[in-house]
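> As input, take input_35.pdb (PDB, C-alpha atoms and all ligand atoms):
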ATOM      1  CA  MET A   1     -14.544  16.823  29.024
ATOM      2  CA  VAL A   2     -11.530  15.034  30.480
ATOM      3  CA  GLY A   3     -11.790  11.298  29.875
ATOM      4  CA  ALA A   4     -14.903  11.572  27.728
ATOM      5  CA  ALA A   5     -14.584   9.228  24.780
ATOM      6  CA  VAL A   6     -15.959  11.249  21.880
ATOM      7  CA  PRO A   7     -14.771  10.869  18.272
ATOM      8  CA  GLN A   8     -13.162  14.008  16.890
ATOM      9  CA  LYS A   9     -15.155  14.354  13.693
ATOM     10  CA  VAL A  10     -13.945  17.484  12.001
ATOM     11  CA  GLU A  11     -16.488  18.075   9.255
ATOM     12  CA  HIS A  12     -18.338  16.361   6.432
ATOM     13  CA  GLN A  13     -16.959  16.498   2.938
ATOM     14  CA  LEU A  14     -18.692  15.837  -0.381
ATOM     15  CA  THR A  15     -16.959  13.069  -2.374
ATOM     16  CA  ASP A  16     -17.965  10.649  -5.121
ATOM     17  CA  LYS A  17     -19.303   8.435  -2.323
ATOM     18  CA  GLY A  18     -21.577  11.160  -0.962
ATOM     19  CA  TYR A  19     -20.909  13.083   2.242
ATOM     20  CA  VAL A  20     -18.297  11.355   4.346
ATOM     21  CA  PRO A  21     -17.040  12.367   7.751
ATOM     22  CA  VAL A  22     -13.552  13.773   7.862
ATOM     23  CA  TYR A  23     -11.620  13.095  11.001
ATOM     24  CA  ALA A  24      -8.573  14.411  12.700
ATOM     25  CA  THR A  25      -5.851  12.430  10.969
ATOM     26  CA  GLY A  26      -3.199  12.051  13.641
ATOM     27  CA  VAL A  27      -2.430   8.992  15.729
ATOM     28  CA  VAL A  28      -4.143   9.043  19.136
ATOM     29  CA  ASP A  29      -3.692   7.067  22.325
ATOM     30  CA  GLN A  30      -6.521   4.627  22.821
ATOM     31  CA  PRO A  31      -8.682   6.297  25.494
ATOM     32  CA  TRP A  32      -9.285   2.930  27.096
ATOM     33  CA  SER A  33     -10.568   4.134  30.472
ATOM     34  CA  GLY A  34     -13.126   6.273  28.612
ATOM     35  CA  TYR A  35     -14.998   3.255  27.228
ATOM     36  CA  SER A  36     -18.423   2.821  28.808
ATOM     37  CA  ASP A  37     -19.894  -0.448  30.024
ATOM     38  CA  THR A  38     -22.084  -0.340  26.927
ATOM     39  CA  ASP A  39     -18.998  -0.074  24.698
ATOM     40  CA  HIS A  40     -17.481  -3.179  26.307
ATOM     41  CA  GLN A  41     -20.819  -4.941  26.067
ATOM     42  CA  VAL A  42     -21.077  -4.222  22.329
ATOM     43  CA  TRP A  43     -17.584  -5.668  21.861
ATOM     44  CA  SER A  44     -18.467  -8.777  23.912
ATOM     45  CA  GLU A  45     -21.645  -9.515  22.044
ATOM     46  CA  LEU A  46     -20.215  -8.922  18.595
ATOM     47  CA  TYR A  47     -17.114 -10.925  19.433
ATOM     48  CA  ALA A  48     -19.043 -13.927  20.741
ATOM     49  CA  ARG A  49     -21.528 -13.819  17.885
ATOM     50  CA  GLN A  50     -18.900 -13.618  15.161
ATOM     51  CA  ARG A  51     -16.659 -16.300  16.651
ATOM     52  CA  GLN A  52     -19.638 -18.612  16.475
ATOM     53  CA  VAL A  53     -20.609 -17.637  12.921
ATOM     54  CA  LEU A  54     -17.014 -17.908  11.734
ATOM     55  CA  ALA A  55     -16.329 -21.424  12.982
ATOM     56  CA  GLY A  56     -16.097 -23.465   9.787
ATOM     57  CA  ARG A  57     -16.494 -20.297   7.680
ATOM     58  CA  ALA A  58     -13.369 -18.207   8.274
ATOM     59  CA  CYS A  59      -9.994 -19.585   7.237
ATOM     60  CA  ARG A  60      -7.843 -21.359   9.808
ATOM     61  CA  GLU A  61      -5.252 -18.568   9.792
ATOM     62  CA  PHE A  62      -7.855 -16.057  10.873
ATOM     63  CA  ILE A  63      -9.432 -18.196  13.589
ATOM     64  CA  ASP A  64      -6.170 -19.393  15.103
ATOM     65  CA  ASN A  65      -4.349 -16.064  14.996
ATOM     66  CA  GLN A  66      -7.233 -14.207  16.548
ATOM     67  CA  ALA A  67      -7.078 -16.427  19.603
ATOM     68  CA  ARG A  68      -3.279 -16.321  19.618
ATOM     69  CA  MET A  69      -3.223 -12.509  19.792
ATOM     70  CA  GLY A  70      -5.120 -12.524  23.034
ATOM     71  CA  MET A  71      -8.384 -10.964  21.852
ATOM     72  CA  THR A  72     -11.186 -12.118  24.114
ATOM     73  CA  PRO A  73     -14.878 -11.322  24.488
ATOM     74  CA  LEU A  74     -14.334 -10.123  28.071
ATOM     75  CA  ARG A  75     -13.626  -6.480  27.247
ATOM     76  CA  ILE A  76     -12.350  -4.213  24.491
ATOM     77  CA  PRO A  77      -8.701  -5.167  24.018
ATOM     78  CA  LYS A  78      -5.959  -2.713  24.862
ATOM     79  CA  PHE A  79      -3.891  -1.895  21.777
ATOM     80  CA  ASP A  80      -0.673  -2.087  23.824
ATOM     81  CA  GLU A  81      -1.447  -5.648  24.885
ATOM     82  CA  LEU A  82      -2.167  -6.783  21.343
ATOM     83  CA  ASN A  83       1.045  -5.152  20.155
ATOM     84  CA  ARG A  84       3.018  -7.262  22.584
ATOM     85  CA  ALA A  85       1.932 -10.321  20.567
ATOM     86  CA  LEU A  86       1.814  -8.703  17.132
ATOM     87  CA  GLN A  87       5.114  -6.865  17.012
ATOM     88  CA  PRO A  88       7.392  -9.837  17.711
ATOM     89  CA  ALA A  89       5.383 -11.991  15.270
ATOM     90  CA  THR A  90       5.543  -9.828  12.135
ATOM     91  CA  GLY A  91       6.783  -6.334  13.062
ATOM     92  CA  TRP A  92       3.292  -4.865  12.772
ATOM     93  CA  GLN A  93       1.652  -2.687  15.383
ATOM     94  CA  VAL A  94      -1.800  -1.290  15.899
ATOM     95  CA  VAL A  95      -2.162   2.500  16.262
ATOM     96  CA  GLY A  96      -5.299   4.390  17.284
ATOM     97  CA  VAL A  97      -7.017   6.830  14.900
ATOM     98  CA  GLU A  98     -10.314   8.742  14.841
ATOM     99  CA  GLY A  99     -11.619   7.066  11.679
ATOM    100  CA  LEU A 100     -10.997   6.843   7.932
ATOM    101  CA  LEU A 101      -7.754   8.495   6.903
ATOM    102  CA  PRO A 102      -6.786  10.340   3.736
ATOM    103  CA  GLU A 103      -5.329   7.829   1.262
ATOM    104  CA  LEU A 104      -1.698   8.850   1.479
ATOM    105  CA  ALA A 105      -1.655   8.879   5.281
ATOM    106  CA  PHE A 106      -3.214   5.411   5.265
ATOM    107  CA  PHE A 107      -0.667   4.029   2.772
ATOM    108  CA  ASP A 108       2.205   5.502   4.771
ATOM    109  CA  HIS A 109       1.019   3.722   7.925
ATOM    110  CA  LEU A 110       0.755   0.387   6.130
ATOM    111  CA  ALA A 111       4.139   0.750   4.429
ATOM    112  CA  ASN A 112       5.611   1.211   7.908
ATOM    113  CA  ARG A 113       3.721  -1.738   9.360
ATOM    114  CA  ARG A 114       1.319   0.341  11.422
ATOM    115  CA  PHE A 115      -2.328  -0.633  11.149
ATOM    116  CA  PRO A 116      -4.629   2.295  11.959
ATOM    117  CA  VAL A 117      -7.525   1.179  14.146
ATOM    118  CA  THR A 118     -10.540   3.388  14.810
ATOM    119  CA  TRP A 119     -10.615   3.622  18.589
ATOM    120  CA  TRP A 120     -14.393   4.076  19.052
ATOM    121  CA  ILE A 121     -16.972   1.298  18.801
ATOM    122  CA  ARG A 122     -20.440   1.301  17.267
ATOM    123  CA  LYS A 123     -23.673   1.802  19.241
ATOM    124  CA  PRO A 124     -25.854  -1.166  20.286
ATOM    125  CA  GLU A 125     -28.395  -0.330  17.561
ATOM    126  CA  GLN A 126     -25.629  -0.702  14.933
ATOM    127  CA  MET A 127     -24.739  -4.325  15.712
ATOM    128  CA  ASP A 128     -25.599  -5.512  12.215
ATOM    129  CA  TYR A 129     -24.445  -2.625  10.063
ATOM    130  CA  LEU A 130     -22.760   0.727  10.057
ATOM    131  CA  SER A 131     -21.458   2.638   7.075
ATOM    132  CA  GLU A 132     -17.954   3.405   8.290
ATOM    133  CA  PRO A 133     -15.204   1.419   9.969
ATOM    134  CA  ASP A 134     -15.261   1.269  13.770
ATOM    135  CA  LEU A 135     -13.128  -0.541  16.324
ATOM    136  CA  PHE A 136     -14.896  -3.830  15.818
ATOM    137  CA  HIS A 137     -14.353  -3.890  12.065
ATOM    138  CA  ASP A 138     -10.760  -2.676  12.268
ATOM    139  CA  LEU A 139      -9.570  -4.729  15.209
ATOM    140  CA  PHE A 140     -11.591  -7.919  15.005
ATOM    141  CA  GLY A 141     -11.638  -7.910  11.211
ATOM    142  CA  HIS A 142      -8.225  -6.703  10.073
ATOM    143  CA  VAL A 143      -5.682  -7.307  12.796
ATOM    144  CA  PRO A 144      -5.661 -11.118  13.299
ATOM    145  CA  LEU A 145      -4.255 -11.880   9.829
ATOM    146  CA  LEU A 146      -1.392  -9.438  10.444
ATOM    147  CA  MET A 147      -0.012 -12.227  12.651
ATOM    148  CA  ASN A 148       0.528 -14.269   9.473
ATOM    149  CA  PRO A 149       3.959 -13.485   7.961
ATOM    150  CA  MET A 150       2.834 -13.771   4.356
ATOM    151  CA  PHE A 151      -0.268 -11.643   4.780
ATOM    152  CA  ALA A 152       1.726  -9.171   6.888
ATOM    153  CA  ASP A 153       4.159  -8.720   4.001
ATOM    154  CA  TYR A 154       1.300  -8.339   1.532
ATOM    155  CA  MET A 155      -0.231  -5.495   3.555
ATOM    156  CA  ALA A 156       3.082  -3.633   3.835
ATOM    157  CA  ALA A 157       3.707  -4.094   0.102
ATOM    158  CA  TYR A 158       0.224  -2.758  -0.537
ATOM    159  CA  GLY A 159       1.096   0.365   1.460
ATOM    160  CA  ARG A 160       4.230   0.951  -0.615
ATOM    161  CA  GLY A 161       2.235   0.290  -3.778
ATOM    162  CA  GLY A 162      -0.316   2.821  -2.570
ATOM    163  CA  VAL A 163       2.264   5.561  -2.167
ATOM    164  CA  LYS A 164       3.393   4.847  -5.722
ATOM    165  CA  ALA A 165      -0.125   4.707  -7.186
ATOM    166  CA  HIS A 166      -0.987   7.959  -5.442
ATOM    167  CA  ALA A 167       1.853   9.666  -7.301
ATOM    168  CA  LEU A 168       0.714   8.122 -10.612
ATOM    169  CA  GLY A 169      -2.788   9.548 -10.374
ATOM    170  CA  THR A 170      -6.434   8.789  -9.697
ATOM    171  CA  GLU A 171      -6.858   5.962 -12.201
ATOM    172  CA  ALA A 172      -3.991   3.945 -10.748
ATOM    173  CA  LEU A 173      -5.416   4.584  -7.318
ATOM    174  CA  THR A 174      -8.846   3.346  -8.396
ATOM    175  CA  ASN A 175      -7.288   0.136  -9.746
ATOM    176  CA  LEU A 176      -5.360  -0.439  -6.538
ATOM    177  CA  THR A 177      -8.353   0.316  -4.318
ATOM    178  CA  ARG A 178     -10.362  -2.371  -6.103
ATOM    179  CA  LEU A 179      -7.610  -4.880  -5.351
ATOM    180  CA  TYR A 180      -7.804  -3.969  -1.660
ATOM    181  CA  TRP A 181     -11.572  -4.237  -1.725
ATOM    182  CA  TYR A 182     -11.696  -7.678  -3.347
ATOM    183  CA  THR A 183      -8.832  -9.167  -1.291
ATOM    184  CA  VAL A 184      -8.260  -7.500   2.085
ATOM    185  CA  GLU A 185     -11.911  -6.544   2.612
ATOM    186  CA  PHE A 186     -13.959  -9.178   0.755
ATOM    187  CA  GLY A 187     -11.600 -12.006  -0.166
ATOM    188  CA  LEU A 188     -12.383 -15.724  -0.083
ATOM    189  CA  ILE A 189      -9.757 -18.468   0.019
ATOM    190  CA  ARG A 190      -9.825 -22.121  -0.947
ATOM    191  CA  ASP A 191      -8.521 -23.853   2.165
ATOM    192  CA  PRO A 192      -7.798 -27.594   2.332
ATOM    193  CA  GLU A 193     -11.068 -27.721   4.275
ATOM    194  CA  GLY A 194     -13.122 -25.892   1.659
ATOM    195  CA  LEU A 195     -14.108 -22.378   0.659
ATOM    196  CA  ARG A 196     -13.354 -19.990   3.538
ATOM    197  CA  ILE A 197     -13.437 -16.283   4.365
ATOM    198  CA  TYR A 198     -10.380 -14.097   4.941
ATOM    199  CA  GLY A 199     -11.732 -10.619   4.052
ATOM    200  CA  SER A 200     -12.184  -8.218   6.958
ATOM    201  CA  GLY A 201     -15.371  -6.675   5.644
ATOM    202  CA  ILE A 202     -16.899 -10.137   5.678
ATOM    203  CA  VAL A 203     -15.612 -11.467   8.995
ATOM    204  CA  SER A 204     -16.915  -8.408  10.828
ATOM    205  CA  SER A 205     -20.435  -8.860   9.374
ATOM    206  CA  LYS A 206     -22.755 -11.671  10.415
ATOM    207  CA  GLY A 207     -25.002 -11.337   7.379
ATOM    208  CA  GLU A 208     -22.232 -11.269   4.806
ATOM    209  CA  SER A 209     -20.308 -14.115   6.498
ATOM    210  CA  ILE A 210     -23.232 -16.392   5.740
ATOM    211  CA  HIS A 211     -24.197 -14.813   2.415
ATOM    212  CA  CYS A 212     -20.757 -14.982   0.795
ATOM    213  CA  LEU A 213     -20.490 -18.755   1.259
ATOM    214  CA  GLU A 214     -24.069 -19.988   1.304
ATOM    215  CA  SER A 215     -26.145 -17.729  -0.930
ATOM    216  CA  ASP A 216     -26.819 -18.609  -4.583
ATOM    217  CA  ALA A 217     -26.926 -14.915  -5.498
ATOM    218  CA  PRO A 218     -23.251 -13.883  -5.831
ATOM    219  CA  ASN A 219     -20.639 -14.905  -8.365
ATOM    220  CA  ARG A 220     -17.501 -16.586  -7.043
ATOM    221  CA  ILE A 221     -14.571 -16.215  -9.419
ATOM    222  CA  GLY A 222     -10.934 -17.321  -9.324
ATOM    223  CA  PHE A 223      -8.414 -14.594  -8.447
ATOM    224  CA  ASP A 224      -7.173 -12.616 -11.468
ATOM    225  CA  LEU A 225      -5.213  -9.440 -10.718
ATOM    226  CA  ALA A 226      -5.952  -7.320 -13.784
ATOM    227  CA  ARG A 227      -9.591  -8.437 -13.832
ATOM    228  CA  ILE A 228     -10.065  -7.396 -10.214
ATOM    229  CA  MET A 229      -8.467  -4.018 -10.898
ATOM    230  CA  ARG A 230     -11.178  -3.380 -13.482
ATOM    231  CA  THR A 231     -14.091  -4.463 -11.331
ATOM    232  CA  ARG A 232     -16.466  -2.020  -9.683
ATOM    233  CA  TYR A 233     -17.865  -2.902  -6.273
ATOM    234  CA  ARG A 234     -20.736  -2.323  -3.866
ATOM    235  CA  ILE A 235     -20.241  -0.234  -0.767
ATOM    236  CA  ASP A 236     -23.709  -0.417   0.759
ATOM    237  CA  THR A 237     -24.959  -3.942  -0.043
ATOM    238  CA  PHE A 238     -23.480  -7.432  -0.036
ATOM    239  CA  GLN A 239     -20.976  -7.936  -2.862
ATOM    240  CA  LYS A 240     -22.272  -9.266  -6.168
ATOM    241  CA  THR A 241     -18.953 -10.980  -6.845
ATOM    242  CA  TYR A 242     -16.292 -12.528  -4.612
ATOM    243  CA  PHE A 243     -12.809 -13.429  -5.823
ATOM    244  CA  VAL A 244     -11.219 -16.609  -4.536
ATOM    245  CA  ILE A 245      -7.493 -17.128  -3.903
ATOM    246  CA  ASP A 246      -5.876 -20.551  -3.515
ATOM    247  CA  SER A 247      -3.344 -19.376  -0.937
ATOM    248  CA  PHE A 248      -1.783 -16.236   0.500
ATOM    249  CA  GLU A 249       1.286 -17.241  -1.441
ATOM    250  CA  GLN A 250      -0.658 -16.923  -4.689
ATOM    251  CA  LEU A 251      -1.731 -13.435  -3.621
ATOM    252  CA  MET A 252       1.866 -12.463  -2.787
ATOM    253  CA  ARG A 253       3.278 -13.782  -6.034
ATOM    254  CA  ALA A 254       0.623 -12.216  -8.239
ATOM    255  CA  THR A 255       1.111  -8.786  -6.680
ATOM    256  CA  GLU A 256       4.922  -8.786  -6.609
ATOM    257  CA  PRO A 257       5.477  -7.342 -10.132
ATOM    258  CA  ASP A 258       5.583  -3.597 -10.694
ATOM    259  CA  PHE A 259       2.020  -2.460 -11.335
ATOM    260  CA  THR A 260       3.007   0.597 -13.391
ATOM    261  CA  PRO A 261       2.709  -1.148 -16.802
ATOM    262  CA  ILE A 262      -0.489  -2.883 -15.678
ATOM    263  CA  TYR A 263      -2.067   0.454 -14.754
ATOM    264  CA  ALA A 264      -1.062   1.790 -18.174
ATOM    265  CA  GLU A 265      -2.729  -1.128 -19.986
ATOM    266  CA  LEU A 266      -5.877  -0.910 -17.903
ATOM    267  CA  ALA A 267      -6.285   2.778 -18.649
ATOM    268  CA  ALA A 268      -7.500   1.836 -22.140
ATOM    269  CA  LEU A 269     -10.044  -0.739 -20.925
ATOM    270  CA  PRO A 270     -13.547  -0.140 -19.568
ATOM    271  CA  ALA A 271     -14.439  -0.998 -15.982
ATOM    272  CA  ILE A 272     -16.451  -4.193 -15.385
ATOM    273  CA  PRO A 273     -19.753  -3.867 -13.486
ATOM    274  CA  ALA A 274     -19.762  -5.551 -10.058
ATOM    275  CA  GLY A 275     -22.030  -8.430 -11.040
ATOM    276  CA  GLU A 276     -20.808  -9.160 -14.558
ATOM    277  CA  ILE A 277     -19.100 -12.398 -15.599
ATOM    278  CA  HIS A 278     -16.281 -11.819 -18.051
ATOM    279  CA  PRO A 279     -15.358 -14.308 -20.848
ATOM    280  CA  SER A 280     -11.901 -14.929 -19.372
ATOM    281  CA  ASP A 281     -13.204 -15.658 -15.846
ATOM    282  CA  THR A 282     -12.574 -18.880 -13.975
ATOM    283  CA  VAL A 283     -16.117 -19.199 -12.704
ATOM    284  CA  ILE A 284     -16.465 -21.161  -9.476
ATOM    285  CA  THR A 285     -20.143 -20.317  -9.049
ATOM    286  CA  ARG A 286     -22.253 -18.230 -11.348
ATOM    287  CA  GLY A 287     -24.597 -16.138  -9.216
ATOM    288  CA  THR A 288     -28.336 -16.044  -9.711
ATOM    289  CA  GLY A 289     -28.279 -12.308  -9.067
ATOM    290  CA  GLU A 290     -31.268 -12.646  -6.771
ATOM    291  CA  GLY A 291     -31.868  -9.513  -4.738
ATOM    292  CA  TRP A 292     -29.235  -7.457  -6.513
ATOM    293  CA  SER A 293     -29.933  -3.765  -6.459
ATOM    294  CA  THR A 294     -29.695  -2.084  -9.834
ATOM    295  CA  ASP A 295     -28.346   1.260  -8.708
ATOM    296  CA  ALA A 296     -24.809   2.183  -9.634
ATOM    297  CA  ASP A 297     -21.716   0.357  -8.396
ATOM    298  CA  THR A 298     -18.794   2.299  -7.023
TER     299      THR A 298
HETATM  300  N1  LIG B   1       3.594  -4.610  -6.826
HETATM  301  C1  LIG B   1       2.749  -3.467  -6.600
HETATM  302  C2  LIG B   1       3.271  -2.230  -7.353
HETATM  303  O1  LIG B   1       4.284  -2.250  -7.962
HETATM  304  C3  LIG B   1       2.661  -3.146  -5.126
HETATM  305  C4  LIG B   1       1.666  -4.022  -4.418
HETATM  306  C5  LIG B   1       2.049  -5.138  -3.716
HETATM  307  C6  LIG B   1       0.340  -3.685  -4.433
HETATM  308  C7  LIG B   1       1.133  -5.899  -3.041
HETATM  309  C8  LIG B   1      -0.584  -4.450  -3.785
HETATM  310  C9  LIG B   1      -0.201  -5.543  -3.086
HETATM  311  O2  LIG B   1       2.612  -1.236  -7.326
HETATM  312 FE    FE B   2     -11.621  -2.318   6.441
END
Show how you would write the structure in this file as structure tokens.


Amino acid sequence: MVGAAVPQKVEHQLTDKGYVPVYATGVVDQPWSGYSDTDHQVWSELYARQRQVLAGRACREFIDNQARMGMTPLRIPKFDELNRALQPATGWQVVGVEGLLPELAFFDHLANRRFPVTWWIRKPEQMDYLSEPDLFHDLFGHVPLLMNPMFADYMAAYGRGGVKAHALGTEALTNLTRLYWYTVEFGLIRDPEGLRIYGSGIVSSKGESIHCLESDAPNRIGFDLARIMRTRYRIDTFQKTYFVIDSFEQLMRATEPDFTPIYAELAALPAIPAGEIHPSDTVITRGTGEGWSTDADT
């Protein structure tokens, strides 16, 4: 099997999110010469399609940094080449992994400015959706903003905060995970040019890139740290609520304080359902809720 590019899935494990694949958790060299023509083709098509969708929808920082890193639609990028641009810019580097990592291993990578990227790419029939992160989501979606010094610092601080929350227990971890979800994965930002996307889960999805800005269904609410930490989310449908920051600086400042007392206060408060508006919210748009599924939020 020399050179064959096959993900090392170890087993499936039952969690609160159903059965999830468990992967070998070490760092691996990107098996670049093992990518098939189809793999490169999937990258090319997704890249070209998303660049088009994201013009005027993703924030400037994302668009400009993606080009600056040297990602192109021509072929799957080599991690080493991207690192030559990324490392001098912010001290971050991309490392290859087999897939989702255990929480603590993931936090440790981030705290040390290593972003774990799943080395394998989805199949052509999964262009619009797949249920776990692949190379396109991780690399196209997450890595460009690591070129931005402020966002780069935020991600490293998140990693350190993760190590701490992990030691505090599952409730703290749940609070922190929601923050990641509603900022890093599904965040919106108010740019001078208008409402824009910065969340990786959005920029790597054509459907959600359009939905999050143009649909009447979702709520759009001003960023509020403790509120976000109480808010459940959707893992298998578009989000019911998006949280909007005014700047990466706002995000940095709001997350600088020690979260330990915040976790303690939140422990006494109930979680907020994904689609619910709360009395203290700064509502930017109140969603119609059209098409929302009624099954349970995560
Ligand atoms: N300030 C947080 C803490 O004390 C750490 C953190 C920073 C978390 C940035 C998320 C983002 O836990
Ligand atoms: Fe992600």

> Can you work out which residues are within 12 Å of ligand FE 2 (chain B), considering only C-alpha atoms and all ligand atoms, and then hand them over as a PyMOL selection string?

chain A and resi 99-101+106+115-118+131-143+177+180-187+198-205+235

> Could you tell me how far CA of Arg114 in chain A sits from CA of Thr25 in chain A, in Å to one decimal place?

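We find that CA of Thr25 in chain A and CA of Arg114 in chain A lie 14.1 Å from each other.
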
> With 4 Å added on each side, what axis-aligned box encloses every listed atom of range 58-76 of chain A? Give the centre and edge lengths in Å to one decimal, as AutoDock Vina command-line options.


--center_x -9.1 --center_y -12.8 --center_z 17.7 --size_x 19.7 --size_y 25.1 --size_z 28.8

> Could you report the residues within 7 Å of ligand LIG 1 (chain B), using all atoms listed in the file, as a PyMOL selection string?

chain A and resi 154-155+157-158+160-162+164-165+176+252+255-260

> Quick check on the file I pasted: which residues fall under the PyMOL selection byres (((chain A and resi 94) around 12) and not hetatm)? Write them as a ChimeraX atom specification.

/A:27-30,69,77-87,90-93,95-97,109-110,112-119,135,138-140,142-144,146-147

> Any idea what the distance is between CA of Pro88 in chain A and CA of Ile197 in chain A?

25.6 Å

> For CA of Gly26 in chain A and CA of Ala111 in chain A, determine how far apart the two atoms are, in Å to one decimal place.

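Separating CA of Gly26 in chain A from CA of Ala111 in chain A is a distance of 16.3 Å.
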
> If the PyMOL selection byres (((chain A and resi 286) around 12) and not hetatm) were run on this exact file, what residues would it hold? Put them as an mmCIF file with C-alpha atoms, in the frame of the given file.


data_model
loop_
_atom_site.group_PDB
_atom_site.id
_atom_site.type_symbol
_atom_site.label_atom_id
_atom_site.label_comp_id
_atom_site.auth_asym_id
_atom_site.auth_seq_id
_atom_site.Cartn_x
_atom_site.Cartn_y
_atom_site.Cartn_z
ATOM 1 C CA SER A 215 -26.145 -17.729 -0.930
ATOM 2 C CA ASP A 216 -26.819 -18.609 -4.583
ATOM 3 C CA ALA A 217 -26.926 -14.915 -5.498
ATOM 4 C CA PRO A 218 -23.251 -13.883 -5.831
ATOM 5 C CA ASN A 219 -20.639 -14.905 -8.365
ATOM 6 C CA ARG A 220 -17.501 -16.586 -7.043
ATOM 7 C CA ILE A 221 -14.571 -16.215 -9.419
ATOM 8 C CA GLY A 222 -10.934 -17.321 -9.324
ATOM 9 C CA LYS A 240 -22.272 -9.266 -6.168
ATOM 10 C CA THR A 241 -18.953 -10.980 -6.845
ATOM 11 C CA TYR A 242 -16.292 -12.528 -4.612
ATOM 12 C CA PHE A 243 -12.809 -13.429 -5.823
ATOM 13 C CA GLY A 275 -22.030 -8.430 -11.040
ATOM 14 C CA GLU A 276 -20.808 -9.160 -14.558
ATOM 15 C CA ILE A 277 -19.100 -12.398 -15.599
ATOM 16 C CA HIS A 278 -16.281 -11.819 -18.051
ATOM 17 C CA ASP A 281 -13.204 -15.658 -15.846
ATOM 18 C CA THR A 282 -12.574 -18.880 -13.975
ATOM 19 C CA VAL A 283 -16.117 -19.199 -12.704
ATOM 20 C CA ILE A 284 -16.465 -21.161 -9.476
ATOM 21 C CA THR A 285 -20.143 -20.317 -9.049
ATOM 22 C CA GLY A 287 -24.597 -16.138 -9.216
ATOM 23 C CA THR A 288 -28.336 -16.044 -9.711
ATOM 24 C CA GLY A 289 -28.279 -12.308 -9.067
ATOM 25 C CA GLU A 290 -31.268 -12.646 -6.771
#

> Assuming the chain letters and numbering stay as they are in my file, what does the PyMOL selection byres (((chain A and resi 57) around 9) and not hetatm) actually select? List them as a list in words.

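When the PyMOL selection byres (((chain A and resi 57) around 9) and not hetatm) is applied, the selected residues are Val53, Leu54, Ala55, Gly56, Ala58, Cys59, Arg60, Gly194, Leu195, Arg196, Ile197, Val203, Ser209, Ile210 and Leu213 of chain A.
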
> I need the residue nearest Leu168 in chain A from this list: A:Tyr47, A:Phe107, A:Tyr263, A:Trp292. Use only C-alpha atoms for the distance.

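Of A:Tyr47, A:Phe107, A:Tyr263, A:Trp292, the one nearest Leu168 in chain A is A:Tyr263, counting only C-alpha atoms.
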
> Give the answer as one residue: which of A:Glu214, A:Glu193, A:Ala267, A:Ala156 has the shortest atom-to-atom distance to Leu173 in chain A, using all atoms listed in the file?

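Nearest to Leu173 in chain A: A:Ala267.
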
> How about completing range 272-283 of chain A with N, CA and C atoms and giving it to me as a tab-separated table (two decimals), in the coordinates of the input?


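Below is the file rebuild_5.tsv, written as the result:
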chain	number	residue	atom	x	y	z
A	272	ILE	N	-15.47	-3.10	-15.32
A	272	ILE	CA	-16.45	-4.19	-15.38
A	272	ILE	C	-17.45	-3.99	-14.24
A	273	PRO	N	-18.76	-4.01	-14.55
A	273	PRO	CA	-19.75	-3.87	-13.49
A	273	PRO	C	-19.61	-4.96	-12.42
A	274	ALA	N	-20.01	-4.66	-11.19
A	274	ALA	CA	-19.76	-5.55	-10.06
A	274	ALA	C	-20.29	-6.97	-10.27
A	275	GLY	N	-21.42	-7.11	-10.95
A	275	GLY	CA	-22.03	-8.43	-11.04
A	275	GLY	C	-21.76	-9.18	-12.34
A	276	GLU	N	-20.97	-8.58	-13.22
A	276	GLU	CA	-20.81	-9.16	-14.56
A	276	GLU	C	-19.76	-10.28	-14.60
A	277	ILE	N	-20.08	-11.34	-15.33
A	277	ILE	CA	-19.10	-12.40	-15.60
A	277	ILE	C	-18.39	-12.03	-16.90
A	278	HIS	N	-17.09	-12.20	-16.90
A	278	HIS	CA	-16.28	-11.82	-18.05
A	278	HIS	C	-15.85	-13.10	-18.77
A	279	PRO	N	-15.69	-13.07	-20.12
A	279	PRO	CA	-15.36	-14.31	-20.85
A	279	PRO	C	-14.12	-15.03	-20.32
A	280	SER	N	-13.14	-14.29	-19.82
A	280	SER	CA	-11.90	-14.93	-19.37
A	280	SER	C	-11.97	-15.44	-17.93
A	281	ASP	N	-13.12	-15.29	-17.27
A	281	ASP	CA	-13.20	-15.66	-15.85
A	281	ASP	C	-13.13	-17.16	-15.59
A	282	THR	N	-12.47	-17.53	-14.50
A	282	THR	CA	-12.57	-18.88	-13.98
A	282	THR	C	-13.76	-18.86	-13.02
A	283	VAL	N	-14.89	-19.30	-13.51
A	283	VAL	CA	-16.12	-19.20	-12.70
A	283	VAL	C	-16.21	-20.38	-11.75
